[in-house]
file model09.txt (compact mmCIF, C-alpha atoms)
# COMPACT_ATOMS: atom_id res chain seq x y z
CA MET A 1 -22.98 -8.38 14.99
CA LYS A 2 -22.00 -9.13 11.41
CA ASP A 3 -20.74 -7.09 8.48
CA THR A 4 -18.95 -7.63 5.16
CA ARG A 5 -16.68 -5.12 3.44
CA LEU A 6 -14.47 -5.18 0.36
CA LEU A 7 -10.91 -4.71 1.62
CA MET A 8 -7.50 -5.93 0.47
CA GLY A 9 -9.11 -6.71 -2.88
CA MET A 10 -11.53 -9.29 -1.42
CA PRO A 11 -14.70 -9.52 0.67
CA ILE A 12 -14.00 -9.71 4.38
CA THR A 13 -16.76 -10.84 6.74
CA VAL A 14 -16.60 -10.44 10.51
CA GLU A 15 -19.25 -11.93 12.79
CA VAL A 16 -19.12 -11.68 16.58
CA LEU A 17 -21.89 -13.47 18.47
CA ASP A 18 -21.08 -12.36 22.01
CA PRO A 19 -23.91 -10.13 23.28
CA ASP A 20 -21.64 -7.21 24.20
CA ALA A 21 -20.28 -6.84 20.65
CA THR A 22 -20.97 -3.45 19.05
CA GLU A 23 -20.46 -1.70 15.73
CA ALA A 24 -17.22 -0.36 17.19
CA THR A 25 -16.05 -3.94 17.72
CA LEU A 26 -16.34 -4.70 14.01
CA GLU A 27 -14.95 -1.30 13.05
CA GLN A 28 -11.74 -2.01 14.95
CA VAL A 29 -11.24 -5.24 13.02
CA PHE A 30 -11.95 -3.67 9.63
CA ASN A 31 -9.62 -0.76 10.42
CA TYR A 32 -6.87 -3.25 11.15
CA PHE A 33 -7.29 -4.84 7.71
CA VAL A 34 -7.15 -1.39 6.10
CA ALA A 35 -3.84 -0.71 7.87
CA VAL A 36 -2.42 -4.06 6.72
CA ASP A 37 -3.40 -3.29 3.13
CA GLU A 38 -1.78 0.14 3.28
CA ARG A 39 1.50 -1.44 4.39
CA PHE A 40 1.68 -4.66 2.40
CA SER A 41 -0.27 -4.19 -0.84
CA THR A 42 1.90 -4.59 -3.93
CA TYR A 43 -0.83 -2.72 -5.84
CA LYS A 44 -0.37 0.50 -3.88
CA ASP A 45 2.57 2.61 -5.05
CA ASP A 46 3.02 4.20 -1.62
CA SER A 47 2.87 0.99 0.41
CA GLU A 48 5.90 -0.07 2.39
CA ILE A 49 6.43 -3.22 0.34
CA SER A 50 6.28 -1.23 -2.93
CA ARG A 51 8.89 1.17 -1.61
CA ILE A 52 11.11 -1.75 -0.63
CA ASN A 53 10.76 -3.33 -4.07
CA ARG A 54 11.71 -0.05 -5.74
CA GLY A 55 14.78 0.24 -3.52
CA GLU A 56 13.49 3.40 -1.80
CA LEU A 57 13.34 1.79 1.64
CA SER A 58 16.02 -0.43 3.13
CA LEU A 59 15.17 -3.44 5.26
CA LYS A 60 16.93 -1.92 8.25
CA ASP A 61 14.55 1.04 8.06
CA CYS A 62 11.34 -0.92 7.55
CA SER A 63 8.60 -1.43 10.16
CA ASN A 64 8.54 -4.16 12.79
CA ASP A 65 5.55 -5.72 11.05
CA MET A 66 7.44 -5.86 7.77
CA ARG A 67 10.44 -7.47 9.41
CA THR A 68 8.12 -10.00 11.05
CA ILE A 69 6.53 -10.93 7.72
CA LEU A 70 9.90 -11.28 5.99
CA GLU A 71 11.14 -13.50 8.81
CA LEU A 72 7.98 -15.64 8.70
CA GLY A 73 8.35 -15.94 4.94
CA GLU A 74 11.90 -17.22 5.31
CA GLN A 75 10.86 -19.61 8.09
CA THR A 76 8.11 -21.02 5.86
CA ARG A 77 10.48 -21.36 2.91
CA LYS A 78 12.74 -23.54 5.03
CA GLU A 79 9.86 -25.58 6.47
CA THR A 80 8.44 -26.34 3.01
CA GLN A 81 11.68 -27.32 1.24
CA GLY A 82 11.53 -24.10 -0.74
CA TYR A 83 8.04 -24.57 -2.17
CA PHE A 84 6.92 -21.39 -0.43
CA ASN A 85 8.93 -18.34 -1.40
CA ILE A 86 7.85 -14.69 -1.19
CA TYR A 87 10.66 -13.69 -3.58
CA ARG A 88 10.59 -14.13 -7.34
CA ASP A 89 13.25 -12.67 -9.61
CA GLY A 90 14.30 -10.30 -6.83
CA TYR A 91 10.74 -9.02 -6.31
CA CYS A 92 9.06 -9.51 -2.95
CA ASP A 93 5.35 -10.33 -2.80
CA PRO A 94 4.45 -11.33 0.76
CA SER A 95 0.70 -11.72 0.09
CA GLY A 96 0.94 -15.50 0.43
CA ILE A 97 1.70 -15.10 4.10
CA VAL A 98 0.19 -11.72 4.96
CA LYS A 99 -3.46 -12.69 4.61
CA GLY A 100 -3.48 -15.56 7.10
CA TRP A 101 -1.26 -13.59 9.48
CA ALA A 102 -3.62 -10.61 9.29
CA ILE A 103 -6.73 -12.72 9.89
CA ARG A 104 -5.13 -14.34 12.91
CA ASN A 105 -4.08 -10.95 14.29
CA ALA A 106 -7.59 -9.59 13.75
CA ALA A 107 -9.00 -12.58 15.61
CA ASN A 108 -6.56 -11.94 18.44
CA LEU A 109 -7.89 -8.37 18.70
CA LEU A 110 -11.30 -9.86 19.47
CA LYS A 111 -9.88 -12.47 21.83
CA ALA A 112 -7.97 -9.82 23.79
CA GLN A 113 -11.27 -8.04 24.46
CA GLY A 114 -12.81 -11.18 25.90
CA PHE A 115 -14.93 -12.20 22.92
CA GLN A 116 -15.31 -15.97 22.65
CA ASN A 117 -17.56 -16.70 19.66
CA TYR A 118 -16.57 -15.17 16.35
CA TYR A 119 -15.82 -15.79 12.70
CA ILE A 120 -13.53 -13.93 10.31
CA ASP A 121 -13.55 -14.80 6.62
CA ALA A 122 -11.16 -13.00 4.27
CA GLY A 123 -11.46 -14.19 0.70
CA GLY A 124 -12.41 -17.71 1.76
CA ASP A 125 -9.74 -18.13 4.43
CA VAL A 126 -11.43 -18.44 7.79
CA GLN A 127 -10.67 -18.25 11.51
CA VAL A 128 -13.36 -19.35 13.95
CA ALA A 129 -13.58 -19.28 17.72
CA GLY A 130 -16.11 -20.83 20.05
CA SER A 131 -19.45 -21.83 18.60
CA LYS A 132 -22.58 -20.64 16.82
CA ASP A 133 -25.98 -21.53 18.29
CA GLY A 134 -24.23 -23.89 20.69
CA ARG A 135 -22.59 -25.92 17.95
CA PRO A 136 -19.26 -25.73 16.09
CA TRP A 137 -19.13 -23.33 13.18
CA ARG A 138 -20.08 -24.82 9.81
CA ILE A 139 -17.66 -23.96 7.03
CA GLY A 140 -18.04 -25.02 3.42
CA ILE A 141 -15.35 -26.06 0.96
CA ARG A 142 -16.33 -24.67 -2.43
CA ASN A 143 -16.46 -26.79 -5.55
CA PRO A 144 -13.75 -25.21 -7.76
CA PHE A 145 -15.71 -26.28 -10.86
CA ASN A 146 -18.97 -24.76 -9.60
CA ARG A 147 -18.52 -21.99 -7.04
CA ASN A 148 -22.21 -22.14 -6.14
CA GLN A 149 -21.77 -25.58 -4.60
CA ASN A 150 -19.94 -26.91 -1.55
CA VAL A 151 -18.19 -30.24 -1.84
CA LYS A 152 -17.94 -30.60 1.93
CA ILE A 153 -19.37 -28.92 5.02
CA LEU A 154 -16.99 -28.88 7.96
CA THR A 155 -17.55 -28.33 11.67
CA LEU A 156 -14.77 -26.28 13.23
CA SER A 157 -14.13 -24.55 16.53
CA ASP A 158 -11.02 -22.57 17.49
CA GLN A 159 -9.36 -23.48 14.19
CA GLY A 160 -8.51 -21.99 10.85
CA ILE A 161 -9.02 -23.15 7.27
CA ALA A 162 -7.45 -21.82 4.08
CA THR A 163 -7.81 -22.81 0.44
CA SER A 164 -5.30 -22.31 -2.35
CA GLY A 165 -6.25 -22.87 -5.96
CA THR A 166 -6.90 -21.51 -9.41
CA ALA A 167 -10.71 -21.21 -9.43
CA ILE A 168 -10.83 -17.48 -8.70
CA ARG A 169 -7.46 -15.95 -9.57
CA GLY A 170 -6.15 -18.41 -12.13
CA GLN A 171 -2.47 -19.40 -12.14
CA HIS A 172 -1.20 -17.08 -9.40
CA ILE A 173 0.79 -19.57 -7.31
CA TYR A 174 4.13 -20.67 -8.68
CA ASN A 175 6.45 -23.53 -7.92
CA PRO A 176 9.83 -21.96 -7.04
CA HIS A 177 11.51 -25.17 -8.22
CA ASP A 178 9.94 -24.72 -11.67
CA PRO A 179 9.30 -20.96 -11.95
CA GLN A 180 8.19 -21.02 -15.59
CA GLY A 181 5.87 -23.99 -15.25
CA GLN A 182 2.16 -24.00 -14.42
CA ILE A 183 0.42 -26.13 -11.81
CA THR A 184 -2.25 -27.97 -13.77
CA ASP A 185 -2.63 -31.36 -12.10
CA ILE A 186 -4.64 -29.96 -9.16
CA VAL A 187 -7.15 -27.12 -8.90
CA SER A 188 -7.51 -26.61 -5.15
CA ILE A 189 -6.28 -27.70 -1.76
CA SER A 190 -7.94 -26.78 1.52
CA VAL A 191 -5.99 -27.04 4.76
CA ILE A 192 -7.37 -27.08 8.30
CA GLY A 193 -4.92 -26.01 10.98
CA PRO A 194 -4.69 -24.77 14.55
CA ASP A 195 -5.18 -21.26 13.19
CA VAL A 196 -5.68 -19.64 9.81
CA TYR A 197 -2.11 -18.34 9.54
CA GLU A 198 -0.68 -21.84 9.79
CA ALA A 199 -3.34 -23.23 7.44
CA ASP A 200 -2.80 -20.48 4.87
CA ARG A 201 0.95 -20.69 4.55
CA PHE A 202 0.97 -24.48 4.27
CA ALA A 203 -1.96 -24.48 1.82
CA THR A 204 0.03 -22.19 -0.48
CA ALA A 205 3.11 -24.39 -0.25
CA ALA A 206 1.10 -27.58 -0.73
CA PHE A 207 -0.55 -26.22 -3.86
CA ALA A 208 2.87 -25.29 -5.27
CA MET A 209 3.83 -28.95 -4.82
CA GLY A 210 1.01 -30.08 -7.10
CA GLY A 211 -0.35 -33.57 -6.62
CA LYS A 212 2.11 -34.47 -3.88
CA GLY A 213 0.99 -31.53 -1.75
CA ILE A 214 -1.61 -33.60 0.10
CA GLN A 215 1.14 -35.97 1.22
CA PHE A 216 3.00 -32.99 2.70
CA ILE A 217 -0.11 -32.01 4.69
CA GLU A 218 -0.59 -35.62 5.84
CA LYS A 219 2.80 -35.51 7.53
CA LEU A 220 2.07 -32.24 9.41
CA ALA A 221 0.91 -32.90 12.96
CA GLY A 222 -2.33 -31.09 13.76
CA PHE A 223 -3.32 -30.43 10.13
CA GLU A 224 -5.81 -31.96 7.71
CA GLY A 225 -6.21 -31.38 3.99
CA TYR A 226 -8.63 -31.89 1.10
CA MET A 227 -7.27 -31.75 -2.46
CA ILE A 228 -9.22 -31.69 -5.73
CA ASP A 229 -7.37 -32.56 -8.92
CA SER A 230 -7.99 -31.41 -12.48
CA HIS A 231 -10.29 -34.41 -13.06
CA ALA A 232 -12.49 -33.40 -10.10
CA ARG A 233 -11.20 -36.26 -7.97
CA ALA A 234 -10.69 -35.64 -4.26
CA THR A 235 -7.86 -36.88 -2.08
CA TYR A 236 -7.75 -36.10 1.61
CA THR A 237 -5.70 -36.74 4.72
CA SER A 238 -6.38 -39.63 7.06
CA GLY A 239 -8.05 -37.52 9.75
CA PHE A 240 -10.04 -35.20 7.50
CA GLU A 241 -13.38 -37.00 7.84
CA ARG A 242 -13.43 -36.18 11.56
CA CYS A 243 -13.97 -32.53 10.57
CA VAL A 244 -16.87 -33.22 8.18
CA LEU A 245 -20.45 -32.50 9.21
CA LYS A 246 -22.27 -35.77 9.80
CA SER A 247 -25.64 -35.90 8.09

call {"tool": "encode", "arguments": {"input": "model09.txt", "output": "structure tokens"}}
result
Amino acid sequence: MKDTRLLMGMPITVEVLDPDATEATLEQVFNYFVAVDERFSTYKDDSEISRINRGELSLKDCSNDMRTILELGEQTRKETQGYFNIYRDGYCDPSGIVKGWAIRNAANLLKAQGFQNYYIDAGGDVQVAGSKDGRPWRIGIRNPFNRNQNVKILTLSDQGIATSGTAIRGQHIYNPHDPQGQITDIVSISVIGPDVYEADRFATAAFAMGGKGIQFIEKLAGFEGYMIDSHARATYTSGFERCVLKS
């Protein structure tokens, strides 16, 4: 079973290969993403995060999910020496942590029902489980200078991968240590982690670090990274090649 829908402002694809998967299986996952968008979208005036930013809802009265996201945001800020920060000028935008968290939660919905082989891709950030046709899932890293090409094909199983960069949304990630500056020395960084939530949050932080972001990923146990700079040169972590499809 496979379907793609436009949710949370991006295409989301869910594929479940287990034979007992049904349309209802996919519907449950897509409904979860709808609920996340309703709560966390900064583009929806009636979302919980918009009400918090306008001062209409206090943190003590917010939902458990909101408190979880705010706590995870603070945890990540500390773990990344402040390069990841969901606050800017008093305004909270948790999207840098919500997407990976939501994908992982959606994957856990499938896992809890006993499904073993599935793929969830939300805007290029991916969680995979099990295998496809008896082999690890094949995931491409897009060329930020030509989105119709892949620069690498990876083989992943029970892992997540997330990419941060400027190819699609332009300069949307900021360096909290230089809020007015732009990150121009690199154009993308892809991070492979134990799950997509971990990969996503550290990819965002690593991109905010600019060229030294790949060194940050190198030091993280259980993570690999692939960075492309503004001159189309690639730098990657010492274990990255183990994830690349062998021709």

call {"tool": "residues_around", "arguments": {"input": "model09.txt", "residues": "A:Ala106", "least_positions_apart": "2", "cutoff": "10 Å", "atoms": "all atoms listed in the file", "output": "list in words"}}
result
Val14, Gln28, Val29, Phe30, Asn31, Tyr32, Phe33, Gly100, Trp101, Ala102, Ile103, Arg104, Asn108, Leu109, Leu110, Lys111, Ile120 and Gln127 of chain A

call {"tool": "closest_residue", "arguments": {"input": "model09.txt", "among": "A:Gly193, A:Leu156, A:Asn143, A:Ile161", "to": "A:Asp229", "atoms": "all atoms listed in the file"}}
result
A:Asn143

call {"tool": "residues_near_point", "arguments": {"input": "model09.txt", "point": "(8.1, -23.1, -0.4)", "cutoff": "9 Å", "atoms": "all atoms listed in the file", "output": "PDB file with C-alpha atoms, in the frame of the given file"}}
result
ATOM      1  CA  GLY A  73       8.350 -15.940   4.940  1.00  0.00           C
ATOM      2  CA  THR A  76       8.110 -21.020   5.860  1.00  0.00           C
ATOM      3  CA  ARG A  77      10.480 -21.360   2.910  1.00  0.00           C
ATOM      4  CA  LYS A  78      12.740 -23.540   5.030  1.00  0.00           C
ATOM      5  CA  GLU A  79       9.860 -25.580   6.470  1.00  0.00           C
ATOM      6  CA  THR A  80       8.440 -26.340   3.010  1.00  0.00           C
ATOM      7  CA  GLN A  81      11.680 -27.320   1.240  1.00  0.00           C
ATOM      8  CA  GLY A  82      11.530 -24.100  -0.740  1.00  0.00           C
ATOM      9  CA  TYR A  83       8.040 -24.570  -2.170  1.00  0.00           C
ATOM     10  CA  PHE A  84       6.920 -21.390  -0.430  1.00  0.00           C
ATOM     11  CA  ASN A  85       8.930 -18.340  -1.400  1.00  0.00           C
ATOM     12  CA  ILE A  86       7.850 -14.690  -1.190  1.00  0.00           C
ATOM     13  CA  ASN A 175       6.450 -23.530  -7.920  1.00  0.00           C
ATOM     14  CA  PRO A 176       9.830 -21.960  -7.040  1.00  0.00           C
ATOM     15  CA  HIS A 177      11.510 -25.170  -8.220  1.00  0.00           C
ATOM     16  CA  PHE A 202       0.970 -24.480   4.270  1.00  0.00           C
ATOM     17  CA  THR A 204       0.030 -22.190  -0.480  1.00  0.00           C
ATOM     18  CA  ALA A 205       3.110 -24.390  -0.250  1.00  0.00           C
ATOM     19  CA  ALA A 206       1.100 -27.580  -0.730  1.00  0.00           C
ATOM     20  CA  ALA A 208       2.870 -25.290  -5.270  1.00  0.00           C
ATOM     21  CA  MET A 209       3.830 -28.950  -4.820  1.00  0.00           C
TER      22      MET A 209
END

call {"tool": "closest_residue", "arguments": {"input": "model09.txt", "among": "A:Ala232, A:Leu17, A:Ile173, A:Ala199", "to": "A:Arg88", "atoms": "all atoms listed in the file"}}
result
A:Ile173

call {"tool": "atom_distance", "arguments": {"input": "model09.txt", "atom1": "atom CA of A:Gly96", "atom2": "atom CA of A:His172"}}
result
10.2 Å

call {"tool": "closest_residue", "arguments": {"input": "model09.txt", "among": "A:Asn64, A:Lys132, A:Ile192, A:His231", "to": "A:Phe145", "atoms": "only C-alpha atoms"}}
result
A:His231

call {"tool": "closest_residue", "arguments": {"input": "model09.txt", "among": "A:Pro11, A:Gly213, A:Pro94, A:Gly124", "to": "A:Asn53", "atoms": "all atoms listed in the file"}}
result
A:Pro94

call {"tool": "closest_residue", "arguments": {"input": "model09.txt", "among": "A:Ala21, A:Ile139, A:Val126, A:Ala35", "to": "A:Ala162", "atoms": "only C-alpha atoms"}}
result
A:Val126

call {"tool": "closest_residue", "arguments": {"input": "model09.txt", "among": "A:Lys44, A:Lys152, A:Arg54, A:Arg39", "to": "A:Arg67", "atoms": "all atoms listed in the file"}}
result
A:Arg39

call {"tool": "residues_near_point", "arguments": {"input": "model09.txt", "point": "(-20.8, -10.0, 24.6)", "cutoff": "9 Å", "atoms": "only C-alpha atoms", "output": "ChimeraX atom specification"}}
result
/A:16-22,114-117

call {"tool": "write_last_selection", "arguments": {"input": "model09.txt", "atoms": "C-alpha atoms", "output": "CSV table (one decimal), in the coordinates of the input"}}
result
chain,number,residue,atom,x,y,z
A,16,VAL,CA,-19.1,-11.7,16.6
A,17,LEU,CA,-21.9,-13.5,18.5
A,18,ASP,CA,-21.1,-12.4,22.0
A,19,PRO,CA,-23.9,-10.1,23.3
A,20,ASP,CA,-21.6,-7.2,24.2
A,21,ALA,CA,-20.3,-6.8,20.6
A,22,THR,CA,-21.0,-3.4,19.0
A,114,GLY,CA,-12.8,-11.2,25.9
A,115,PHE,CA,-14.9,-12.2,22.9
A,116,GLN,CA,-15.3,-16.0,22.6
A,117,ASN,CA,-17.6,-16.7,19.7

call {"tool": "atom_distance", "arguments": {"input": "model09.txt", "atom1": "atom CA of A:Glu198", "atom2": "atom CA of A:Phe240"}}
result
16.5 Å
